[in-house]
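See below for final00.txt, which holds compact mmCIF, C-alpha atoms.
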```txt
# COMPACT_ATOMS: atom_id res chain seq x y z
CA MET A 435 0.00 0.00 0.00
CA GLY A 436 2.86 2.36 0.80
CA GLY A 437 4.45 1.77 -2.62
CA ASN A 438 1.16 2.38 -4.40
CA SER A 439 0.50 5.60 -2.49
CA SER A 440 4.00 6.91 -3.22
CA SER A 441 3.69 6.13 -6.93
CA ASN A 442 0.26 7.78 -7.06
CA SER A 443 1.53 10.88 -5.28
CA SER A 444 4.54 11.16 -7.58
CA SER A 445 2.33 10.81 -10.66
CA ASN A 446 -0.08 13.44 -9.31
CA ASP A 447 2.80 15.85 -8.62
CA THR A 448 4.18 15.30 -12.11
CA ASN A 449 0.72 15.76 -13.58
CA THR A 450 0.21 18.99 -11.63
CA THR A 451 3.58 20.47 -12.56
CA SER A 452 3.21 19.60 -16.23
CA PRO A 453 3.97 22.61 -18.49
CA SER A 454 0.74 22.07 -20.41
CA ILE A 455 -1.35 22.05 -17.24
CA LEU A 456 0.36 25.14 -15.87
CA ARG A 457 -0.12 26.92 -19.22
CA LYS A 458 -3.77 25.91 -19.25
CA ALA A 459 -4.29 27.30 -15.74
CA ASN A 460 -2.66 30.61 -16.70
CA ILE A 461 -4.73 30.94 -19.88
CA THR A 462 -7.92 30.07 -18.00
CA ARG A 463 -7.20 32.73 -15.41
CA ALA A 464 -6.37 35.31 -18.09
CA THR A 465 -9.62 34.51 -19.89
CA GLU A 466 -11.55 35.07 -16.67
CA TYR A 467 -9.93 38.51 -16.33
CA PHE A 468 -10.83 39.34 -19.94
CA HIS A 469 -14.45 38.38 -19.29
CA ALA A 470 -14.52 40.45 -16.09
CA TYR A 471 -13.20 43.50 -17.94
CA LEU A 472 -15.70 43.16 -20.79
CA LYS A 473 -18.55 42.66 -18.34
CA LYS A 474 -17.60 45.79 -16.41
CA VAL A 475 -17.26 47.92 -19.56
CA ASP A 476 -20.57 46.57 -20.84
CA GLN A 477 -22.26 47.52 -17.58
CA LEU A 478 -20.89 51.07 -17.90
CA ASP A 479 -22.44 51.27 -21.40
CA LEU A 480 -19.16 52.37 -23.01
CA LEU A 481 -19.08 49.91 -25.91
CA ASN A 482 -20.51 50.52 -29.36
CA GLU A 483 -23.27 48.34 -30.78
CA ALA A 484 -20.98 46.15 -32.94
CA THR A 485 -18.69 45.30 -30.02
CA ILE A 486 -21.65 44.55 -27.74
CA LYS A 487 -23.16 42.31 -30.41
CA GLU A 488 -19.96 40.32 -30.81
CA TYR A 489 -19.48 40.01 -27.04
CA HIS A 490 -23.04 38.79 -26.51
CA THR A 491 -22.64 36.36 -29.42
CA LEU A 492 -19.51 35.02 -27.73
CA LEU A 493 -21.40 34.55 -24.45
CA ASP A 494 -24.32 32.86 -26.22
CA MET A 495 -21.96 30.45 -27.98
CA GLU A 496 -20.34 29.56 -24.66
CA ASP A 497 -23.77 28.89 -23.14
CA ILE A 498 -24.70 26.70 -26.12
CA ASN A 499 -21.47 24.77 -25.90
CA ASP A 500 -22.03 24.32 -22.19
CA GLY A 501 -25.03 22.08 -22.77
CA ASP A 502 -25.69 19.94 -19.74
CA ASP A 503 -22.37 20.74 -18.02
CA ASP A 504 -22.27 21.77 -14.40
CA ALA A 505 -23.33 25.36 -13.81
CA ASN A 506 -20.16 26.01 -11.82
CA THR A 507 -17.89 24.94 -14.69
CA ASN A 508 -15.68 27.76 -15.92
CA LYS A 509 -16.93 29.21 -19.21
CA SER A 510 -13.42 29.92 -20.45
CA ASN A 511 -12.69 26.17 -20.78
CA ARG A 512 -15.18 25.71 -23.60
CA PRO A 513 -14.51 26.44 -27.27
CA ILE A 514 -16.52 29.25 -28.85
CA ASN A 515 -16.27 28.21 -32.50
CA THR A 516 -18.45 25.08 -32.29
CA ARG A 517 -21.49 26.61 -34.02
CA MET A 518 -19.69 29.12 -36.27
CA ASN A 519 -18.32 28.32 -39.71
CA GLN A 520 -15.08 29.69 -41.11
CA SER A 521 -16.75 32.45 -43.15
CA GLN A 522 -18.54 33.80 -40.07
CA ILE A 523 -15.33 33.73 -38.04
CA ARG A 524 -13.46 35.51 -40.82
CA GLU A 525 -16.15 38.20 -41.13
CA MET A 526 -16.10 38.70 -37.37
CA LYS A 527 -12.30 39.15 -37.39
CA ILE A 528 -12.50 41.66 -40.25
CA GLN A 529 -15.11 43.77 -38.45
CA ARG A 530 -13.09 43.65 -35.24
CA PHE A 531 -9.95 44.76 -37.07
CA GLN A 532 -11.82 47.70 -38.59
CA ARG A 533 -13.15 48.73 -35.17
CA LYS A 534 -9.67 48.52 -33.67
CA LYS A 535 -8.28 50.66 -36.49
CA VAL A 536 -10.93 53.34 -35.97
CA ALA A 537 -10.39 53.32 -32.19
CA SER A 538 -6.62 53.61 -32.61
CA GLN A 539 -6.96 56.53 -35.02
CA THR A 540 -9.41 58.31 -32.71
CA GLN A 541 -7.12 57.74 -29.73
CA ALA A 542 -4.12 59.14 -31.62
CA LYS A 543 -6.14 62.19 -32.71
CA LEU A 544 -7.28 62.92 -29.15
CA GLN A 545 -3.76 62.52 -27.79
CA SER A 546 -2.48 64.93 -30.43
CA LEU A 547 -5.20 67.42 -29.49
CA LEU A 548 -4.26 67.11 -25.81
CA GLN A 549 -0.61 67.80 -26.63
CA ARG A 550 -1.62 70.86 -28.69
CA ARG A 551 -3.56 72.25 -25.74
CA SER A 552 -0.50 71.79 -23.55
CA ARG A 553 1.77 73.53 -26.07
CA LEU A 554 -0.61 76.46 -26.53
CA GLY A 555 -1.02 76.88 -22.78
CA LEU A 556 -4.83 76.88 -22.81
CA THR A 557 -6.78 76.87 -19.57
CA ASP A 558 -9.00 73.97 -18.53
CA GLU A 559 -12.19 75.83 -19.50
CA GLU A 560 -11.07 76.97 -22.94
CA GLU A 561 -12.36 74.80 -25.79
CA MET A 562 -10.49 73.51 -28.82
CA GLU A 563 -12.40 71.69 -31.56
CA GLY A 564 -15.45 71.45 -29.29
CA HIS A 565 -13.61 70.00 -26.24
CA ASP A 566 -12.41 71.49 -23.03
CA LEU A 567 -9.79 69.69 -20.95
CA GLU A 568 -12.27 67.60 -18.95
CA SER A 569 -14.31 66.58 -22.01
CA LEU A 570 -11.18 65.78 -23.97
CA SER A 571 -9.70 63.63 -21.19
CA ARG A 572 -12.98 61.75 -20.70
CA THR A 573 -13.33 61.04 -24.44
CA LEU A 574 -9.72 59.87 -24.61
CA HIS A 575 -10.21 57.46 -21.70
CA ILE A 576 -13.41 56.09 -23.23
CA GLU A 577 -11.70 55.44 -26.57
CA THR A 578 -8.82 53.72 -24.74
CA LEU A 579 -11.29 51.46 -22.91
CA ARG A 580 -13.00 50.61 -26.21
CA LEU A 581 -9.67 49.75 -27.81
CA TYR A 582 -8.81 47.48 -24.88
CA ALA A 583 -12.22 45.83 -25.21
CA GLU A 584 -11.52 44.95 -28.85
CA GLU A 585 -8.15 43.51 -27.83
CA CYS A 586 -9.88 41.46 -25.09
CA LEU A 587 -12.25 39.93 -27.63
CA GLU A 588 -9.30 39.00 -29.83
CA GLU A 589 -7.36 37.52 -26.91
CA ILE A 590 -10.37 35.47 -25.75
CA GLN A 591 -10.70 33.86 -29.17
CA SER A 592 -6.97 33.11 -29.27
CA CYS A 593 -7.08 31.66 -25.74
CA HIS A 594 -9.90 29.28 -26.64
CA GLY A 595 -7.97 28.02 -29.63
CA GLU A 596 -4.88 27.43 -27.50
CA LEU A 597 -6.95 25.69 -24.80
CA GLU A 598 -8.11 23.11 -27.33
CA MET A 599 -4.50 22.32 -28.26
CA LEU A 600 -3.50 22.16 -24.58
CA GLU A 601 -6.28 19.64 -23.89
CA MET A 602 -4.84 17.41 -26.59
CA ALA A 603 -1.32 17.83 -25.19
CA ILE A 604 -2.47 16.98 -21.65
CA THR A 605 -4.22 13.86 -22.91
CA MET A 606 -1.06 12.75 -24.70
CA GLU A 607 1.07 13.40 -21.59
CA ARG A 608 -1.30 11.34 -19.43
CA GLY A 609 -1.15 8.48 -21.90
CA ARG A 610 2.66 8.67 -21.93
CA MET A 611 2.76 8.62 -18.12
CA MET A 612 0.42 5.63 -18.00
CA SER A 613 2.65 3.77 -20.44
CA GLN A 614 5.64 4.43 -18.14
CA ASP A 615 3.79 3.22 -15.03
CA PRO A 616 5.46 0.00 -13.73
CA ARG A 617 2.07 -1.50 -12.91
CA MET A 618 0.96 -1.07 -16.52
CA ASN A 619 4.25 -2.57 -17.74
CA SER A 620 3.87 -5.60 -15.46
CA ALA A 621 0.29 -6.12 -16.64
CA ARG A 622 1.39 -5.78 -20.26
CA SER A 623 4.26 -8.27 -19.77
CA SER A 624 1.96 -10.78 -18.09
CA ALA A 625 -0.50 -10.46 -20.98
CA THR A 626 2.35 -10.99 -23.45
CA ALA A 627 3.55 -14.06 -21.57
CA THR A 628 0.02 -15.48 -21.53
CA ALA A 629 -0.34 -14.93 -25.28
CA ALA A 630 3.06 -16.55 -25.92
CA ALA A 631 2.11 -19.55 -23.82
CA ALA A 632 -1.15 -19.88 -25.73
CA ASP A 633 0.72 -19.76 -29.04
CA GLY A 634 3.21 -22.35 -27.83
CA SER A 635 0.46 -24.68 -26.72
CA SER A 636 -1.25 -24.36 -30.08
CA GLY A 637 1.97 -25.15 -31.97
CA LEU A 638 2.45 -21.66 -33.38
CA SER A 639 5.76 -19.81 -33.44
CA SER A 640 6.26 -17.38 -30.55
CA SER A 641 8.17 -14.95 -32.73
CA ARG A 642 5.95 -12.75 -34.83
CA THR A 643 8.58 -10.16 -35.81
CA PRO A 644 8.64 -9.86 -39.63
CA LEU A 645 11.86 -10.35 -41.53
CA GLN A 646 13.80 -7.13 -42.02
CA MET A 647 16.33 -6.26 -44.72
CA THR A 648 18.70 -3.29 -44.89
CA GLN A 649 19.45 -1.91 -48.35
CA ILE A 650 22.68 0.09 -48.76
CA THR A 651 22.91 2.46 -51.74
CA GLN A 652 25.04 5.42 -52.81
CA ASN A 653 23.59 8.78 -53.78
CA PRO A 654 24.71 9.48 -57.39
CA LEU A 655 24.79 13.25 -56.77
CA THR A 656 26.42 13.59 -53.36
CA GLY A 657 28.18 10.23 -53.20
CA GLN A 658 26.94 9.61 -49.65
CA ILE A 659 26.06 6.14 -48.41
CA GLN A 660 22.34 5.71 -47.74
CA MET A 661 20.77 2.94 -45.66
CA GLN A 662 17.09 1.99 -45.87
CA THR A 663 15.52 -0.68 -43.68
CA GLN A 664 12.68 -2.69 -45.21
CA GLN A 665 10.53 -5.51 -43.89
CA VAL A 666 8.95 -8.43 -45.71
CA MET A 667 5.17 -8.47 -45.40
CA ASN A 668 2.98 -10.74 -47.50
CA GLY A 669 5.89 -11.45 -49.80
CA GLN A 670 6.57 -7.76 -50.54
CA LEU A 671 9.23 -5.34 -49.33
CA LYS A 672 7.88 -2.32 -47.51
CA PRO A 673 10.10 0.47 -46.12
CA ILE A 674 10.09 1.05 -42.38
CA MET A 675 9.46 4.69 -41.68
CA GLN A 676 11.58 5.84 -38.78
CA ARG A 677 10.28 8.36 -36.29
CA GLN A 678 12.76 11.03 -37.35
CA GLU A 679 11.91 10.53 -41.03
CA LEU A 680 8.22 11.00 -40.30
CA ALA A 681 8.94 14.14 -38.28
CA ASN A 682 11.07 15.55 -41.10
CA GLN A 683 8.28 14.97 -43.59
CA VAL A 684 5.63 16.55 -41.36
CA PHE A 685 7.47 19.68 -40.24
CA ARG A 686 9.37 20.49 -43.42
CA PRO A 687 8.42 23.72 -45.23
CA SER A 688 6.36 23.64 -48.41
CA TRP A 689 8.80 25.80 -50.41
CA ASN A 690 12.37 25.30 -51.55
CA GLN A 691 14.89 26.41 -48.96
CA PRO A 692 17.71 28.81 -49.91
CA THR A 693 21.05 27.22 -50.73
CA MET A 694 23.11 30.14 -49.42
CA THR A 695 22.84 33.02 -47.00
CA LEU A 696 22.37 36.65 -47.97
CA GLU A 697 25.95 37.34 -46.94
CA GLU A 698 27.24 34.62 -49.27
CA LEU A 699 25.07 35.94 -52.10
CA GLY A 700 26.37 39.46 -51.52
CA GLU A 701 29.98 38.25 -51.58
CA ARG A 702 29.34 36.39 -54.84
CA GLU A 703 27.68 39.41 -56.47
CA ARG A 704 30.52 41.65 -55.28
CA ALA A 705 33.14 39.27 -56.71
CA ASP A 706 31.26 39.15 -60.04
CA ALA A 707 31.05 42.96 -60.17
CA ILE A 708 34.80 43.28 -59.51
CA ARG A 709 35.56 40.69 -62.19
CA ARG A 710 33.34 42.48 -64.74
CA ALA A 711 35.00 45.83 -63.95
CA GLU A 712 38.46 44.34 -64.41
CA GLU A 713 37.47 42.71 -67.72
CA GLN A 714 36.02 46.01 -68.91
CA GLN A 715 39.24 47.87 -68.02
CA VAL A 716 41.33 45.29 -69.89
CA ALA A 717 39.04 45.48 -72.92
CA GLU A 718 39.20 49.29 -72.94
CA ALA A 719 43.01 49.20 -72.68
CA GLU A 720 43.26 46.74 -75.57
CA ALA A 721 40.84 48.78 -77.68
CA LYS A 722 42.86 51.90 -77.02
CA PHE A 723 45.91 50.47 -78.81
CA ARG A 724 43.98 48.61 -81.49
CA PRO A 725 44.59 49.68 -85.13
CA ARG A 726 41.89 51.93 -86.56
CA ARG A 727 41.47 54.62 -89.20
CA TYR A 728 43.55 57.78 -89.00
CA ASP A 729 40.62 60.11 -88.42
CA GLN A 730 39.69 58.04 -85.37
CA LEU A 731 43.28 58.32 -84.11
CA VAL A 732 43.10 62.10 -84.43
CA ARG A 733 39.79 62.12 -82.56
CA ASP A 734 41.29 60.02 -79.74
CA GLY A 735 44.52 62.06 -79.61
CA MET A 736 46.72 59.09 -80.61
CA GLU A 737 48.15 60.56 -83.86
CA ASP A 738 51.68 60.78 -82.34
CA ASP A 739 52.00 56.99 -81.92
CA GLU A 740 54.07 55.84 -84.91
CA ARG A 741 52.98 52.21 -84.63
CA LEU A 742 49.32 53.10 -84.61
CA VAL A 743 49.83 55.63 -87.44
CA GLU A 744 51.46 52.96 -89.62
CA ALA A 745 48.74 50.46 -88.78
CA SER A 746 46.05 53.02 -89.54
CA ALA A 747 47.70 53.89 -92.88
CA ARG A 748 47.77 50.23 -93.82
CA LEU A 749 44.14 49.91 -92.76
CA ASP A 750 43.21 52.94 -94.89
CA ARG A 751 45.03 51.52 -97.93
CA GLU A 752 43.27 48.19 -97.58
CA TRP A 753 39.97 50.01 -97.35
CA ASP A 754 40.70 52.08 -100.44
CA ASP A 755 41.78 48.95 -102.38
CA TRP A 756 38.54 47.20 -101.43
CA LYS A 757 36.47 50.18 -102.61
CA GLU A 758 38.34 50.20 -105.95
CA GLU A 759 37.70 46.49 -106.43
CA ASN A 760 34.07 46.86 -105.44
CA PRO A 761 32.76 50.14 -106.88
CA ARG A 762 29.39 51.46 -105.80
CA GLY A 763 26.53 49.80 -107.67
CA SER A 764 28.51 46.72 -108.75
CA GLY A 765 26.44 44.29 -106.73
CA ASN A 766 23.43 42.26 -107.82
CA LYS A 767 20.30 44.21 -108.64
CA MET A 768 16.71 43.07 -108.66
CA SER A 769 16.41 43.97 -112.34
CA GLU A 770 19.30 41.65 -113.31
CA ARG A 771 17.85 38.52 -111.79
CA GLY A 772 16.72 35.66 -114.01
CA ASP A 773 17.53 34.78 -117.67
CA ARG A 774 17.42 37.74 -120.04
CA ASN A 775 16.55 35.48 -122.99
CA PHE A 776 13.02 35.18 -121.76
```

Just give me the structure as structure tokens.
Amino acid sequence: MGGNSSSNSSSNDTNTTSPSILRKANITRATEYFHAYLKKVDQLDLLNEATIKEYHTLLDMEDINDGDDDANTNKSNRPINTRMNQSQIREMKIQRFQRKKVASQTQAKLQSLLQRRSRLGLTDEEEMEGHDLESLSRTLHIETLRLYAEECLEEIQSCHGELEMLEMAITMERGRMMSQDPRMNSARSSATATAAAADGSSGLSSSRTPLQMTQITQNPLTGQIQMQTQQVMNGQLKPIMQRQELANQVFRPSWNQPTMTLEELGERERADAIRRAEEQQVAEAEAKFRPRRYDQLVRDGMEDDERLVEASARLDREWDDWKEENPRGSGNKMSERGDRNF
């Protein structure tokens, strides 16, 4: 009895100090504070009609989801999206975003007006744009409360979504703890021994592990050795998916990952730019001392270079010889095509 009580107490302590349970308790408490704030602001009649409608819809959905639960059960533990489709949720988020934007703009305008009053040195009774100091301060506080109310509605919806995921995580942690319980292991081993004894008595083999085969291949691109374990089932080879392989397939991104960092790309682009500049300088230097016609040498200021002058004279003579051999109009003409006998 002492061993059982100690194991139960240790499991209860572990269950209580679980990160998921602690996170759930914090979120539940935060949701209660959000509800208390919205209830107080609603009682003061400071919210606009759209915000009140969404808040009451949220409360109605929680009451519907409650069903036959205990009346003392916390409302924040129940999801609010059970009876709402995705289009309704999306429309509600869009309207809330628009209300938050308007409230933020109004708050910024009122704060700017308050700063202008302070700079101008106006008295408390003097009005600016229809507001004295008391009226302006009251309107600013009301707009701030309305903005916080919109943020509370958004946080409540986010908290309910996270609570659903935490419930699943807590269930998985409890199942993992039960699998690690020595009493469960002893019961499982006794059941396995009983099944093995029954198989032995019936003449069946006690080993039911399928035949496994490891295939070793080499990647033709990287040259790395790859190992793949397969098992024979019903006369066919089927690959055994390891836990890490499954995790890599589940959590991998849906787009191609970059093959280099931005720093590496910048270094490569910089090296290419330097190489292109050097090639351009070499090409310009070679073109500067390349033979060309004499008028081009005079235009470039290279008429004093004897080598270039001789090369340009030879180039001019060759050009003149070619023009003498090929006078203007000596080529084929459209009128000379075909046989003139016809």

Requested in this report: Considering only C-alpha atoms, return as number ranges by chain whatever protein or nucleic-acid residues lie within 8 Å of region 560-566 of chain A, sequence-local ones (same chain, fewer than 4 positions apart) excluded.
Outcome: A: 551, 556, 570

Residues from the last selection, C-alpha atoms, saved as a PDB file, in the coordinates of the input:
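Dumped everything to selection.pdb:
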```pdb
ATOM      1  CA  ARG A 551      -3.560  72.250 -25.740  1.00  0.00           C
ATOM      2  CA  LEU A 556      -4.830  76.880 -22.810  1.00  0.00           C
ATOM      3  CA  LEU A 570     -11.180  65.780 -23.970  1.00  0.00           C
TER       4      LEU A 570
END
```

Query raised in the report: What is the distance between CA of Ser452 (chain A) and CA of Arg608 (chain A), in Å to one decimal?
Result: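 CA of Arg608 (chain A) lies 9.9 Å from CA of Ser452 (chain A).
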
**Report entry** For Ala470 (chain A), the nearest of the candidates A:Lys535, A:Leu587, A:Thr485, A:Gln541, counting all atoms listed in the file
**Finding:**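 For Ala470 (chain A), the nearest of the candidates is A:Leu587.
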
Report task. Report the distance between CA of Glu752 (chain A) and CA of Pro725 (chain A) in Å, rounded to one decimal place. Result -> 12.6 Å

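Comparing A:Leu579, A:Leu749, A:Val732, A:Ala711 by their smallest distance to Lys474 (chain A), the closest is A:Leu579 (using only C-alpha atoms).
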
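Our summary of the geometry notes that CA of Ser592 (chain A) is positioned 20.8 Å from CA of Ser538 (chain A).
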
Query raised in the report: Near region 645-657 of chain A, counting all atoms listed in the file, which residues have an atom at most 8 Å away, once you skip same-chain residues fewer than 6 positions from it, shown as a VMD selection string?
Result: chain A and resid 663 to 667

Query raised in the report: Looking at A:Leu492, A:Leu548, A:Ile523, A:Leu574, which one is nearest to His469 (chain A), with distances taken over all atoms listed in the file?
Result: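 Of A:Leu492, A:Leu548, A:Ile523, A:Leu574, the one nearest His469 (chain A), counting all atoms listed in the file, is A:Leu492.
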
Query raised in the report: What lies within 10 Å of Arg751 (chain A) using all atoms listed in the file, ignoring chain neighbours under 6 positions off, as a list of chain:residue names?
Result: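 My list of contacting residues is A:Arg727, A:Ala745, A:Lys757.
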